[in-house]
Each structure stands twice: as structure tokens, then as C-alpha cells.
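What follows is a set of notes on a single structure, which appears directly below.
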Protein chains: 2
Amino acid sequence: MTKELILEKQKQAVEILKEKDIDMWMTFVRETGNIKDPMLDMIVGTGATWHSAFIITKEGETVAVIGSLEKANMETVGTFKRIAPYLKSVKEDLIKVLSEIDPKKIAINFSRNSSLADGLTYGCYLELIELLKDTPYKDRFISSEEIVAALRGRKSTKELTLMKDSIKETLSIFDEVTGFLQPGKSEKDVAEFVRNRVKEKGFDFAWDEEHCPAVFTGPDTAGAHSGPTDRKIERGHVINMDFGVKKNSYCADLQRTWYVLKEGETEVPAEVLKGFNVIKESIQLAAKAVKPGMKGWEIDNIARSYIVENGYEEYPHGLGHQVGRVAHDGGALLGPRWERYGNLPYMELEENQVFTIEPRLTIPGYGIATIEEEVVVTKDGCEFLSDNQTEIYIIK
Amino acid sequence: MTKELILEKQKQAVEILKEKDIDMWMTFVRETGNIKDPMLDMIVGTGATWHSAFIITKEGETVAVIGSLEKANMETVGTFKRIAPYLKSVKEDLIKVLSEIDPKKIAINFSRNSSLADGLTYGCYLELIELLKDTPYKDRFISSEEIVAALRGRKSTKELTLMKDSIKETLSIFDEVTGFLQPGKSEKDVAEFVRNRVKEKGFDFAWDEEHCPAVFTGPDTAGAHSGPTDRKIERGHVINMDFGVKKNSYCADLQRTWYVLKEGETEVPAEVLKGFNVIKESIQLAAKAVKPGMKGWEIDNIARSYIVENGYEEYPHGLGHQVGRVAHDGGALLGPRWERYGNLPYMELEENQVFTIEPRLTIPGYGIATIEEEVVVTKDGCEFLSDNQTEIYIIK
């Protein structure tokens, strides 16, 4: 993450604070080498050892209240205009800064709904309340989730350019995989091939390397969120892979589906083709409905219903999530109204958010058909960022 | 982290639960790809997307309540005996498991004192309380900090073997640095040399690569916790470096000091030698006092007082911290009784804990003298794990 991009996002944060009429956004952390607030990379650009408060105000001030030993580092990083270093306790300096600004509403880094806005640990929260117990500020806290959702969701032109590039690089590795797939190779072989290509090209992984890529061949596979196994590709298998690179701090997240022809087969069996096409069509139907103001569950419901109407079981997850600095990014989610998704499916879509669309269905006896594309929400609809998979890839 | 080591630590956790009479230890998490509880690597060995509870009981049961999509992955990882997968909400399964075990005391992953025991975010805490609001269990929570401190602190024979190996590899790179240092090279040059050696050898960094190694040359440097700068090594500089590799999941954390002879100089100036020796002696004095039952602040005070008595300013940090899976590990700290360290300096030392001892002092006009060694607490004292630096290294 470059200083330039951090300053751009800080500026955007100030605009969001104005829009939402929040006086101050404070990210309170400690020992980020052990557990790191998910927003630090985007708005600070370094970590902290002792209790530290990274403050951005509606007036555009930025203040870092940090341990004195980290002052020089913070100056080198250069992303905060004012540094308030302390030796023995953060208390005095923090109260001084708060008193000077005297914010009426302070967004802090906790959220029930969004893990990205929830970097404040419970122990740190208790500490913060104790530090401020004789001040009015402890009663002025609100969740930072609205700020974080807007800041991460609304991609700048520069961010969209970087994301398109990560998608392009990811699809290029998918193409190489098509040449690599063969009966007899295992899911682990395929994953190793992909991981080596990512490393040779100097990219990072969009999510943890053990599951990036996730590769599934044939019927009765381990299912999404599993690592690759020793299971071997056989003729008659449907293969799918979930994969993305992270390049210049931005992630891609895509899936593609292949079919391995049986001996003597010259084309894809009808039931495989049907499954693939239902997935493909459900993506197009969902994408057609995406526009600012729609709610995520409404979009999810379109693809989910189409798949069920075509005689398949509904997929056991959301239709899509936002992508950005992390693979599961942003607030609003294209998900069903299940309790585990909290309020995310109810949030309205906004311009410049980037979503995956990734339905799945099981083709009995063959495997799982999935396609995952990425779209960006535009003023009155959406555009695909990824070149769509329109035909199932055939392995001979 | 191998499955074997995880199962060993789980077994140790059960012994600790018995010793402390705690019925259950529950680590509650979500979206660990975005923010990861620091204990997951040690006791689980994989992450989780949806709200998940990783439970270890005094009776030796292990239960993972996780999203159904992650069941297969959890089975492959194979570290939890029982898996309770859920589709729509964690609530029902979690309450079912709690009701079956009916724990009187439940340690959960929060702590004001220890970041390693504080992986529960405030949003997740609120969610957990809401999920369990109609049960008695929400009133039975205590902090997991005692368990975490004991589990991370008390190293097994296998862990100590791995740690000695990481120390040996780190010191071997320090030796190479002695051959590399020369007037005209910058702090960044030195850091790059070290980072390349770490990568060539296939190790990881004990802490974030931007500050590992930290390199400081001459007077008025940026100070600890800063990244290396363009400042160049000059004759008459005292140089110090803070560095450690992570190998087989275990970190080393060491510091060494060099002096660059001036033109015509044949030996180290008296004031440099004095500063170095005061550091060296303060480490030996502190180590002599280390034994089970002592409190960290008592050890810190020995080195701190010795340095002040010799006419130097006291160091603006603790004397030492525990090391292990992370560079700043464990609970008890060899630190002063400053508010920012919470209760950690008051905790009693225990057998098989590994501590750094790392005092520092400024030699005016030359630079900073620091040595950092590692010791393991034994039944009635301590032993050095690192071959001590006994003489300042001379660059001609």
C-alpha cells in the first residue's frame, strides 16, 4: 500500500464523515503484530505495539496517538499529520486530543455486522472505556461500520484500474490451468501448479495459500472452503477451481468450470451442459438486476430462485460478496436473509462497489458447476470486470 | 504448525484447565481471513469464515461449532474430535453443545492485559452475548488470559528444541552481517542483505519484514521500532541491529552491537566500551535473578537501576518479553510497572518460559548499545539459549 493511496483513502474518509455527519473516526489498537485491525493497511500504513489511536476528523485532521518509541517510524511512514507520542500511558495524550477536538459523535472500530469494521478487541474496548471513564467521550461512541463500508466499497478510478489488472492476471493463470488439467493429476497437483505460477510472477494470494486455489474434481468432493486433496482427476469429472491473485494490494476472486470428456465422448453430456448453463444464466439474470439502491438479498434471490426452479438444490452460501484489498471486502453482501449474515444483505448497493457473483449447483454423478465473475456497480446498473466464462471448458 | 504440535498443545491446555479449575475454553471467531485470533494457529490449525466456536474442555473434549461449508476442511485438518456444522445460524448448535457440557466457568478469548488472549472482537462479543441471552452461559465468562499465558509460556521440550534452532540460524546471519558492514553502506543496504539471506534460506521473519531487521547506525538514529533508513555507516559509529528468523513456526529475537573504528584508531574508545559493558553486565545481573516465582518488574528493575547508576538514562521500554510462535509472546513480562504494560510485569515467572533480555543505552556522540539475549526459566534459575555477545564487534 503506497502512501499516495493511503492519503487518497483518508481524504475519501473525510468526505464520508461529512456526508454521514460523524465528527471523528478513531481506530484504537495495540500489538498489531499479534492481531491487526483490518483497516490499518488502508488508512495508516504501519502497525503499533502499545495502545494507539489513529484519528481522522470531519475537518480533515489526522492524529496518531502512539507509543513514543514508534514516533520516528510514524514520521517515516508519513501518513498522519500530527503525532502525539506518549511514554507511560496513552491516557493523558488521548484525553488531550479528544478534548481539543471535542467530537460529539465518535465512530470507533467495532461492528456486529462487518468484520472489517470490527478490529477493536473486547479487551481493548474495556481498556478504552476505563481510560475515558471520567470524560464524556466514552458515551459518544458509535460503530464505524458505515464509514468502513463506504470507504472500502466505493472504489476510486485508481482502485478499479488495479482491480481489473488483478482479474486479468488471475484469468491468465486460469487459462494456463486449462492446458495443465489431465486425468490422473490430483487436486493437489493442480493447486501446486497454480501456486508456483503465482510465486514465479511475484504476486500474492487473494486469501490463505492453503485454500488458494481451491480445486474440486468429480462428484462428492470436499466442498467449498476445503483445501485441495489427493483426489485424482478422472474422465467424466466436472472440475471447478476458486482462485485469485493479489497484486498491488488488490485481490481478484474468480471461479471456472471444466469437463473431462469420457473415452469416446465427443461432447459434454446434456446434464452437465444444463447445470453449467443454469449457472451461467443465473449470473446474467442477477447482474441485470444490480444497480444502486437495490438490496443484496434481492439480487441473491434472483439467482437462488432460478437455480431451484431448474430443479437443483439452492447453494448453501451467499451469491456474492464485495472484493477489494481483501477477498471478502466491504459491507453490503449479495446474500440471503440468514441470521449468520447479520444486516449485510439488507444494505443498499452503491455506485463503484465491486461484487462477485458466484452461484453453485451440484450435477449429480459429475461434480459441481460454479462460475464466479466480478461486477462493478455503475450509476444505473453494473458492468462485468471479468471476461465471462460462456462455455464450459473441455479437457480431452 | 503441524497437527502433531497442535494436538500436543491441546493436551497441555486440558492440563492447564484442570490446574486452574476452568471447565471450558471457548475461542469465538469469524472471518479470520480479515482478523485472526492469535491462538488459532496453536490450537486449531485453520481459520473460519462464519461465527465459529472452538471449544476445549477440562475433560479433554474438543468441539468445533462451524459453518457447514467448512466441515470438510475441518475434517481434513483433523484437530477437533467433534465437529458441529451449522447452516443458517451458529446459535442453535452452540447452545446445544454448551447445554450438553454445562460448564460452570467458561474462559473466552478476551483480555485487557494480553493481546494474545484477546482475539474476540467487540462486535463478536456483542453477538455472542446476544446469541446466549436466554441461557445462563453468558454470565459464566471469564478471561482466557491465564490459560493462554500458561499454554504459550510453558514450552515443551520439542518447542525448546525448535526455538534453539531458530536462535542458531539467527546468530549465523548476524555473523554474516559482521562481514558485510562497511562505512558507506546504508541501514537499508544492511537490511536488504539480511532479508535476502532469510529468503534464500527459506525462513520467515520473526516480525514484519519492514522492521525485521531493524538497523541503526551512529548517533541520533530513528530509534527502536523504526524501519531502516538511507543513513550511511560512518567511521566512529556504534551500530546495532534487532533481528530474528522464524523457522518451523518459532521465532528468535536478538540484538547485537558493532563499533566502526575511526581512521588511525586501533581500539574501541573507552566511552563506547563502557556503554557496551554496562549493557552486558546488566544482562548478566538480571539473568542471575531470573527464577520461577520472581515477578517481571523485579528483574527489569535490576538492569534498569544498574544502567542508571552508571550514569545513563533508563531505557524507554521493558527489559524483555516472552518469545515463541510470535516475537512478543506469552503473558508475564520483564517490564516496569508502567500503566501501558497492565498487569504483565506483576505476573510470576514460570519454568520453561522463554524471555528476551534487551536493555539499551545511548552512548552520546556514537550511537546506541544494545544486546538482546534469550533465556529459558529453569526449576531454580535460568539458562541462556543464545550464545552471548561478550565483546563489541569491531569493524575495521
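Labels used: A, B, ... for chains in the order of the C-alpha cells, numbers from 1 for residues in each chain, and numbers from 1 for ligands as shown.
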
Neighbours of B:Asp329 within 10 Å (only C-alpha atoms; same-chain residues fewer than 4 positions away dropped), as a count of residues only? 18

Within 9 Å of stretch 367-384 of chain B using only C-alpha atoms, minus same-chain residues under 3 positions, as a PyMOL selection string: chain B and resi 160+167+216-221+223+237-242+252-258+272+275-276+279-280+283+287-292+320+322-323+349-364+387-389

Residues from the last selection, C-alpha atoms, saved as a PDB file, in the first residue's frame:
```
ATOM      1  CA  LEU B 160      12.557 -25.511  23.100  1.00  0.00           C
ATOM      2  CA  ILE B 167      18.272 -18.727  17.542  1.00  0.00           C
ATOM      3  CA  PHE B 216      20.608   1.690  13.448  1.00  0.00           C
ATOM      4  CA  THR B 217      23.931   3.324  12.770  1.00  0.00           C
ATOM      5  CA  GLY B 218      25.521   6.199  14.637  1.00  0.00           C
ATOM      6  CA  PRO B 219      24.212   8.878  16.980  1.00  0.00           C
ATOM      7  CA  ASP B 220      20.671  10.313  16.807  1.00  0.00           C
ATOM      8  CA  THR B 221      19.123   7.398  14.923  1.00  0.00           C
ATOM      9  CA  GLY B 223      15.229   4.677  17.485  1.00  0.00           C
ATOM     10  CA  HIS B 237      29.553   4.836  14.572  1.00  0.00           C
ATOM     11  CA  VAL B 238      28.098   2.384  17.021  1.00  0.00           C
ATOM     12  CA  ILE B 239      25.778   0.131  15.004  1.00  0.00           C
ATOM     13  CA  ASN B 240      23.061  -2.081  16.394  1.00  0.00           C
ATOM     14  CA  MET B 241      20.639  -4.473  14.801  1.00  0.00           C
ATOM     15  CA  ASP B 242      17.440  -6.121  16.077  1.00  0.00           C
ATOM     16  CA  ALA B 252      14.056 -15.775  17.561  1.00  0.00           C
ATOM     17  CA  ASP B 253      14.597 -12.173  18.675  1.00  0.00           C
ATOM     18  CA  LEU B 254      18.171 -10.975  19.198  1.00  0.00           C
ATOM     19  CA  GLN B 255      20.275  -7.811  19.083  1.00  0.00           C
ATOM     20  CA  ARG B 256      23.985  -7.244  18.631  1.00  0.00           C
ATOM     21  CA  THR B 257      26.252  -4.175  18.684  1.00  0.00           C
ATOM     22  CA  TRP B 258      29.221  -3.222  16.490  1.00  0.00           C
ATOM     23  CA  VAL B 272      31.942   3.103  23.861  1.00  0.00           C
ATOM     24  CA  GLY B 275      28.456   1.641  27.446  1.00  0.00           C
ATOM     25  CA  PHE B 276      28.728  -1.793  25.888  1.00  0.00           C
ATOM     26  CA  ILE B 279      24.700  -3.394  28.889  1.00  0.00           C
ATOM     27  CA  LYS B 280      26.499  -6.733  29.010  1.00  0.00           C
ATOM     28  CA  ILE B 283      22.048  -8.621  31.304  1.00  0.00           C
ATOM     29  CA  ALA B 287      19.639 -13.220  34.361  1.00  0.00           C
ATOM     30  CA  LYS B 288      21.095 -14.190  37.729  1.00  0.00           C
ATOM     31  CA  ALA B 289      17.846 -13.110  39.387  1.00  0.00           C
ATOM     32  CA  VAL B 290      15.505 -14.938  36.999  1.00  0.00           C
ATOM     33  CA  LYS B 291      13.766 -17.938  38.551  1.00  0.00           C
ATOM     34  CA  PRO B 292      10.210 -19.225  38.994  1.00  0.00           C
ATOM     35  CA  GLY B 320      12.329  -8.290  27.987  1.00  0.00           C
ATOM     36  CA  GLN B 322       8.492 -13.786  26.063  1.00  0.00           C
ATOM     37  CA  VAL B 323       9.218 -15.306  22.677  1.00  0.00           C
ATOM     38  CA  LEU B 349       7.765 -16.260  36.175  1.00  0.00           C
ATOM     39  CA  GLU B 350       7.268 -19.966  35.484  1.00  0.00           C
ATOM     40  CA  GLU B 351       9.545 -22.807  34.471  1.00  0.00           C
ATOM     41  CA  ASN B 352      10.072 -23.231  30.718  1.00  0.00           C
ATOM     42  CA  GLN B 353       9.128 -19.693  29.775  1.00  0.00           C
ATOM     43  CA  VAL B 354      11.488 -18.107  27.262  1.00  0.00           C
ATOM     44  CA  PHE B 355      12.361 -14.416  27.740  1.00  0.00           C
ATOM     45  CA  THR B 356      14.434 -11.889  25.894  1.00  0.00           C
ATOM     46  CA  ILE B 357      16.719  -9.653  27.950  1.00  0.00           C
ATOM     47  CA  GLU B 358      17.311  -6.481  25.950  1.00  0.00           C
ATOM     48  CA  PRO B 359      18.405  -3.336  27.765  1.00  0.00           C
ATOM     49  CA  ARG B 360      19.668  -0.372  25.772  1.00  0.00           C
ATOM     50  CA  LEU B 361      21.566   2.818  26.427  1.00  0.00           C
ATOM     51  CA  THR B 362      22.765   5.764  24.398  1.00  0.00           C
ATOM     52  CA  ILE B 363      26.493   6.452  24.096  1.00  0.00           C
ATOM     53  CA  PRO B 364      26.474  10.180  23.337  1.00  0.00           C
ATOM     54  CA  ASP B 387      25.499 -17.706  22.763  1.00  0.00           C
ATOM     55  CA  ASN B 388      26.128 -14.388  24.468  1.00  0.00           C
ATOM     56  CA  GLN B 389      27.780 -11.410  22.876  1.00  0.00           C
TER      57      GLN B 389
END
```

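Within stretch 7-75 of chain A, DSSP applied to the backbone places the following residues in strand (DSSP E): Met24, Trp25, Met26, Thr27, Phe28, Val29, Ser52, Ala53, Phe54, Ile55, Ile56, Thr57, Thr62, Val63, Ala64, Val65, Ile66 and Gly67 of chain A.
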
Would you return as a PyMOL selection string the members of stretch 144-260 of chain B that DSSP assigns to helix (DSSP H, G or I) on this structure's backbone? chain B and resi 145-153+157-180+187-200+209-211

What's the 8 Å shell around stretch 334-340 of chain B, counting only C-alpha atoms, without same-chain residues fewer than 5 positions away, as a ChimeraX atom specification? /A:50-51,88-90 /B:295-301,317-321,345-346,355

Shell around A:Val198 at 10 Å using only C-alpha atoms, local window under 3 positions removed, as a ChimeraX atom specification: /A:169-170,173,192-195,201-205,244-247

Can I get the residues of chain B within 6 Å of chain A, each with the closest pair of atoms and their distance in Å to one decimal, using only C-alpha atoms, sorted chain first then ascending number, as a tab-separated table?
```
residue	atom	partner	partner_atom	distance
B:Asn34	CA	A:Pro38	CA	6.0
B:Pro38	CA	A:Asn34	CA	5.9
B:Glu70	CA	A:His225	CA	5.5
B:Ala72	CA	A:Ala222	CA	5.3
B:Asn73	CA	A:Ser226	CA	4.3
B:Lys88	CA	A:Trp338	CA	5.6
B:Ser89	CA	A:Arg340	CA	4.9
B:Phe110	CA	A:Gly123	CA	5.4
B:Ser111	CA	A:Gly123	CA	4.6
B:Arg112	CA	A:Gly123	CA	4.1
B:Asp118	CA	A:Gly123	CA	5.9
B:Leu120	CA	A:Thr121	CA	5.6
B:Thr121	CA	A:Thr121	CA	3.9
B:Tyr122	CA	A:Tyr122	CA	4.3
B:Gly123	CA	A:Arg112	CA	4.1
B:Ala222	CA	A:Ala72	CA	5.4
B:His225	CA	A:Glu70	CA	5.6
B:Ser226	CA	A:Asn73	CA	4.3
B:Trp338	CA	A:Lys88	CA	5.6
B:Glu339	CA	A:Ser89	CA	5.5
B:Arg340	CA	A:Ser89	CA	5.0
```
